[in-house]
Structures are given as structure tokens and as C-alpha cells.
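structure20.txt (compact mmCIF, C-alpha atoms and all ligand atoms)
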# COMPACT_ATOMS: atom_id res chain seq x y z
CA MET Y 1 0.00 0.00 0.00
CA ASP Y 2 1.12 3.55 -0.73
CA ALA Y 3 2.86 4.96 2.37
CA ASP Y 4 0.63 8.06 2.63
CA ARG Y 5 -2.48 5.95 2.27
CA GLN Y 6 -1.21 3.52 4.88
CA ALA Y 7 -0.57 6.42 7.28
CA LEU Y 8 -4.09 7.76 6.70
CA TYR Y 9 -5.67 4.36 7.38
CA GLU Y 10 -3.61 3.96 10.56
CA THR Y 11 -4.55 7.44 11.75
CA CYS Y 12 -8.24 6.66 11.21
CA GLN Y 13 -7.92 3.42 13.16
CA ARG Y 14 -6.19 5.18 16.05
CA MET Y 15 -8.89 7.87 16.14
CA GLY Y 16 -11.79 5.45 15.81
CA VAL Y 17 -12.89 6.75 12.38
CA GLY Y 18 -14.41 4.16 10.04
CA ILE Y 19 -13.40 4.15 6.36
CA THR Y 20 -15.67 3.25 3.46
CA VAL Y 21 -13.67 1.86 0.54
CA MET Y 22 -14.67 2.60 -3.04
CA LYS Y 23 -13.02 1.12 -6.15
CA ALA Y 24 -12.09 -2.06 -4.31
CA PHE Y 25 -11.68 -3.75 -7.72
CA GLY Y 26 -9.56 -0.92 -9.16
CA GLY Y 27 -12.30 -0.16 -11.66
CA GLY Y 28 -12.26 -3.85 -12.64
CA ASP Y 29 -8.52 -3.93 -13.42
CA LEU Y 30 -7.69 -6.09 -10.39
CA LEU Y 31 -10.06 -8.78 -11.66
CA ASP Y 32 -8.24 -9.08 -14.97
CA ALA Y 33 -4.63 -10.35 -15.17
CA SER Y 34 -3.97 -8.42 -18.37
CA MET Y 35 -5.03 -5.13 -16.74
CA SER Y 36 -3.87 -5.60 -13.14
CA PRO Y 37 -0.69 -3.73 -12.14
CA ALA Y 38 0.13 -6.79 -10.01
CA GLY Y 39 0.26 -8.96 -13.13
CA LYS Y 40 -2.24 -11.46 -11.74
CA ALA Y 41 -6.00 -11.39 -11.25
CA LEU Y 42 -7.83 -11.49 -7.94
CA THR Y 43 -11.45 -12.52 -7.42
CA ALA Y 44 -14.07 -10.02 -6.28
CA VAL Y 45 -14.33 -11.86 -2.96
CA GLN Y 46 -10.56 -11.60 -2.40
CA CYS Y 47 -10.60 -7.86 -3.23
CA ILE Y 48 -13.44 -7.22 -0.76
CA HIS Y 49 -11.71 -9.23 1.95
CA TYR Y 50 -8.41 -7.43 1.42
CA ALA Y 51 -10.15 -4.05 1.75
CA LEU Y 52 -12.06 -5.13 4.87
CA THR Y 53 -8.88 -6.31 6.59
CA ARG Y 54 -7.08 -2.95 6.22
CA PRO Y 55 -6.90 -0.80 9.37
CA ALA Y 56 -10.08 1.21 10.06
CA VAL Y 57 -12.02 -0.11 7.07
CA ALA Y 58 -15.67 -0.67 8.00
CA THR Y 59 -17.42 -0.95 4.63
CA VAL Y 60 -16.78 -1.65 0.97
CA LEU Y 61 -18.95 -0.16 -1.76
CA ALA Y 62 -18.83 -2.79 -4.50
CA GLY Y 63 -19.66 -1.43 -7.96
CA ALA Y 64 -21.21 -3.68 -10.60
CA HIS Y 65 -22.00 -3.50 -14.31
CA SER Y 66 -24.25 -6.54 -14.28
CA LEU Y 67 -26.42 -8.66 -12.02
CA GLU Y 68 -23.76 -11.40 -12.15
CA GLN Y 69 -21.09 -9.04 -10.84
CA LEU Y 70 -23.40 -7.87 -8.07
CA GLU Y 71 -24.16 -11.48 -7.10
CA GLU Y 72 -20.45 -12.26 -7.04
CA SER Y 73 -19.86 -9.41 -4.57
CA ILE Y 74 -22.82 -10.44 -2.42
CA SER Y 75 -21.45 -14.00 -2.31
CA TYR Y 76 -18.75 -12.58 -0.01
CA GLU Y 77 -21.25 -12.85 2.84
CA ASP Y 78 -21.33 -16.66 2.67
CA ALA Y 79 -17.89 -17.31 1.21
CA PRO Y 80 -15.68 -19.78 3.13
CA GLU Y 81 -12.40 -18.45 4.51
CA ALA Y 82 -10.42 -20.32 1.83
CA GLU Y 83 -12.23 -18.36 -0.86
CA LYS Y 84 -11.62 -15.02 0.88
CA ASP Y 85 -7.94 -15.77 1.39
CA TYR Y 86 -5.94 -13.42 -0.81
CA ALA Y 87 -2.52 -14.28 0.64
CA GLY Y 88 -1.59 -17.08 -1.74
CA THR Y 89 -2.38 -14.96 -4.77
CA PHE Y 90 -0.60 -11.90 -3.37
CA ALA Y 91 2.51 -13.93 -2.64
CA THR Y 92 2.77 -14.97 -6.29
CA PHE Y 93 2.23 -11.53 -7.84
CA PRO Y 94 4.94 -11.26 -10.51
CA ASN Y 95 5.19 -7.46 -10.31
CA ILE Y 96 4.88 -6.71 -6.57
CA SER Y 97 6.61 -8.13 -3.49
CA TRP Y 98 5.33 -7.77 0.06
CA LYS Y 99 8.07 -9.92 1.59
CA GLY Y 100 8.42 -9.13 5.28
CA HIS Y 101 5.27 -6.98 5.40
CA CYS Y 102 2.24 -8.24 7.27
CA MET Y 103 -0.85 -8.13 5.05
CA TYR Y 104 -3.21 -8.99 7.98
CA CYS Y 105 -4.39 -12.00 5.98
CA SER Y 106 -4.48 -14.51 8.90
CA HIS Y 107 -2.93 -17.17 6.72
CA CYS Y 108 -0.61 -17.94 9.65
CA ALA Y 109 -3.50 -19.13 11.85
CA PRO Y 110 -4.18 -21.15 13.91
CA CYS Y 111 -1.82 -20.40 16.75
CA PRO Y 112 -1.82 -23.17 19.41
CA ASN Y 113 -2.17 -20.47 22.06
CA LYS Y 114 -5.00 -18.78 20.16
CA ILE Y 115 -3.06 -15.58 19.50
CA ASP Y 116 -4.67 -13.60 16.67
CA VAL Y 117 -1.35 -12.82 14.97
CA ALA Y 118 -2.90 -10.58 12.31
CA ALA Y 119 -4.67 -8.42 14.91
CA VAL Y 120 -1.67 -8.25 17.24
CA THR Y 121 0.55 -7.22 14.33
CA LYS Y 122 -1.95 -4.62 13.17
CA PHE Y 123 -2.09 -3.03 16.63
CA LEU Y 124 1.70 -3.24 16.93
CA ASN Y 125 2.15 -1.44 13.61
CA LEU Y 126 -0.34 1.24 14.66
CA ALA Y 127 1.60 1.85 17.88
CA LYS Y 128 4.93 1.90 16.03
CA ALA Y 129 3.62 4.41 13.50
CA GLN Y 130 2.46 6.70 16.31
CA GLY Y 131 5.62 6.31 18.39
CA GLU Y 132 3.47 5.55 21.44
CA VAL Y 133 0.43 3.42 22.24
CA PRO Y 134 -2.78 5.39 21.59
CA GLU Y 135 -5.51 4.69 24.12
CA THR Y 136 -7.93 3.31 21.49
CA VAL Y 137 -5.29 0.86 20.26
CA ARG Y 138 -4.50 -0.22 23.83
CA GLU Y 139 -8.21 -0.86 24.43
CA HIS Y 140 -8.54 -2.92 21.24
CA TYR Y 141 -5.45 -4.91 22.15
CA GLY Y 142 -6.80 -5.51 25.63
CA ALA Y 143 -10.02 -6.91 24.15
CA LEU Y 144 -8.22 -9.62 22.14
CA GLY Y 145 -8.38 -12.31 24.81
CA HIS Y 146 -4.96 -13.77 23.97
CA TYR Y 147 -1.80 -11.73 23.85
CA ALA Y 148 1.64 -11.68 22.27
CA GLY Y 149 3.13 -12.56 25.65
CA GLU Y 150 1.53 -16.01 25.31
CA CYS Y 151 3.74 -16.81 22.30
CA VAL Y 152 5.86 -19.89 22.98
CA GLN Y 153 7.89 -19.35 19.81
CA CYS Y 154 6.87 -22.66 18.28
CA GLY Y 155 7.29 -21.15 14.80
CA ALA Y 156 4.20 -22.84 13.33
CA CYS Y 157 2.82 -19.49 12.18
CA GLU Y 158 6.02 -18.52 10.40
CA THR Y 159 5.97 -21.68 8.28
CA ARG Y 160 2.47 -20.67 7.06
CA CYS Y 161 3.11 -16.98 6.38
CA PRO Y 162 3.36 -16.44 2.60
CA PHE Y 163 5.15 -13.11 3.14
CA GLU Y 164 7.99 -14.37 5.35
CA VAL Y 165 7.06 -12.04 8.21
CA SER Y 166 9.21 -12.37 11.36
CA ILE Y 167 6.21 -13.18 13.52
CA ILE Y 168 8.12 -14.34 16.59
CA GLU Y 169 10.07 -11.07 16.64
CA ASN Y 170 6.81 -9.16 16.23
CA MET Y 171 5.25 -11.04 19.16
CA LYS Y 172 8.26 -10.20 21.34
CA MET Y 173 7.99 -6.55 20.36
CA ALA Y 174 4.23 -6.48 20.94
CA LYS Y 175 4.71 -7.91 24.43
CA GLU Y 176 7.20 -5.14 25.14
CA VAL Y 177 4.99 -2.41 23.70
CA PHE Y 178 1.68 -3.52 25.27
CA GLY Y 179 3.10 -5.06 28.42
CA LYS Y 180 1.44 -8.48 27.90
S1 LIG Q 201 2.01 -12.70 9.69
FE1 LIG Q 201 1.93 -13.36 7.56
S2 LIG Q 201 0.24 -14.84 7.43
FE2 LIG Q 201 0.04 -13.75 9.40
S3 LIG Q 201 -1.39 -12.09 9.00
FE3 LIG Q 201 0.68 -11.27 8.63
S4 LIG Q 201 1.11 -11.61 6.47
FE4 LIG Q 201 -0.66 -12.85 6.98
S1 LIG Q 202 5.26 -18.82 17.24
FE1 LIG Q 202 3.97 -17.85 18.78
S2 LIG Q 202 2.38 -16.76 17.61
FE2 LIG Q 202 3.33 -18.24 16.23
S3 LIG Q 202 2.00 -20.06 16.37
FE3 LIG Q 202 3.69 -20.34 17.84
S4 LIG Q 202 2.88 -19.54 19.77
FE4 LIG Q 202 1.55 -18.77 18.15
Would you mind writing the file's structure down as C-alpha cells?
Ligand code: SF4
Ligand code: SF4
Amino acid sequence: MDADRQALYETCQRMGVGITVMKAFGGGDLLDASMSPAGKALTAVQCIHYALTRPAVATVLAGAHSLEQLEESISYEDAPEAEKDYAGTFATFPNISWKGHCMYCSHCAPCPNKIDVAAVTKFLNLAKAQGEVPETVREHYGALGHYAGECVQCGACETRCPFEVSIIENMKMAKEVFGK
């Protein structure tokens, strides 16, 4: 994601402002390998899920030229997690690399200690971007139920992460930042 856009999303999340995403399909380009800047097509369901898993995003306005396209977007509501999962496709984009960057895709789940790695990493990144822990982020972290401090460094998550994120290091840092 563009750095300015990322900063805006993170600011909105910290301040509790919900974002509505438009053009989640890039005007249709992302659905077509020959048009996509990534060099590979995504499905409508993957695009919607990617948008909804960005910081602060509350809604996606899905445009459609036909009833079929509209039905495809609506199918998101009942789609299984495997269908929503954009990580595998992202990891094989020929033109873009996200190596080392958490995409909040949850592909690393499940953690034996029930840590929601994607959420912990999202809150950690929000705190790092701010240089301190905003109260709203601390509250959200506190509501998780399981915390980075419960990481036993088994490494199972890292073997599943398509973006080679240093999850164990992130969990250590999150424990330091949030105190648990
Ligand atoms: S650590 Fe990797 S698999 Fe887990 S949410 Fe981040 S990018 Fe996805
Ligand atoms: S390394 Fe930590 S976060 Fe990852 S699966 Fe193991 S316990 Fe969970």
C-alpha cells in the first residue's frame, strides 16, 4: 500500500474513524490479469476481503456492471475463509513483493495459544507508526483475549506466512509495547 495511504488508514484506526472503501476492484482492473498492475487477477471476494482487513475499514462499496457481478460481490457474505484468502495470490504476484510486510491476511493461523497474529501485528504497527500506544489501540489490544506474551515461539505461524514475516520477533515486540 502507498505509504501516505497507509498512514491515513492507521490514523483513522487510532482515532476510531471508520473508512468506506470505493473502487475495491480498481475499476475492474484487479479482476483481470492483463489489466492488473500486479500482473495477476484477484477474485471479487478476495478484493473485498483485502479491503475489509485494512486498518479502520468498515465498509466496501462494490460497484457492478451486471447482475452477475453484483451477485459475485454479495457472495462474499457466505464465502468460506479459503475463498476469501488473498494471501496465496498476493505472494505470487509477478510485479509486486510484500516480503516481510504483514498483510493482515491470517494465513498464519491457527496459533496453538490462540493468538490472533494478524490483529496483534496490526495493533503493533499502529503503535509503532504513532511512536506511542494510543488509548484506542490499547483498548482494542486488551479486548483480544490472547496476547503476544503467550507466544511460545513454536514457529508454526512462520511456516504458514506467505510473506515471510518475522512473527516471533513481532510477538516479542508487541509484548514489550503492550506489556502483555
Ligand atoms: S504474519 Fe503473515 S500470514 Fe500472518 S497475517 Fe501477517 S502476512 Fe498474513
Ligand atoms: S510462534 Fe507464537 S504466535 Fe506463532 S504459532 Fe507459535 S505460539 Fe503462536
| request: Enumerate residues in contact with ligand LIG 202 (chain Q): an atom-to-atom distance of at most 7 Å, counting only C-alpha atoms and all ligand atoms. Format the result as an NGL selection string. | output: :Y and (110-115 or 117 or 148 or 150-158 or 167-168 or 171)
| said: List as JSON, numbers by chain the protein and nucleic acid residues lying within 8 Å of ligand LIG 201 (chain Q), with all atoms listed in the file counted. | reply: {"Y": [87, 100, 101, 102, 103, 104, 105, 106, 107, 108, 109, 117, 118, 119, 121, 157, 158, 160, 161, 162, 163, 164, 165, 166, 167]}
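Counting from CA of Val57 in chain Y, the distance to CA of Thr20 in chain Y is 6.1 Å.
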| said: Just to confirm, what's the straight-line distance from CA of Val120 in chain Y to CA of Tyr141 in chain Y in Å (one decimal)? | reply: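 For CA of Val120 in chain Y relative to CA of Tyr141 in chain Y, the distance reads 7.0 Å.
Considering the residues Y:Gly63, Y:Glu81, Y:Met35, Y:Asp29 and counting only C-alpha atoms, His49 in chain Y has its shortest atom-to-atom contact with Y:Glu81.
All residues that come within 8 Å of the coordinates (-6.3, -14.7, 0.7), counting all atoms listed in the file, are given as Gln46, His49, Tyr50, Ala82, Glu83, Lys84, Asp85, Tyr86, Ala87, Gly88, Thr89, Phe90, Cys105 and His107 of chain Y.
Shortest separation to Ala33 in chain Y among Y:Ile48, Y:Pro94, Y:Leu8, Y:Gln69 occurs at residue Y:Pro94, atoms counted being all atoms listed in the file.
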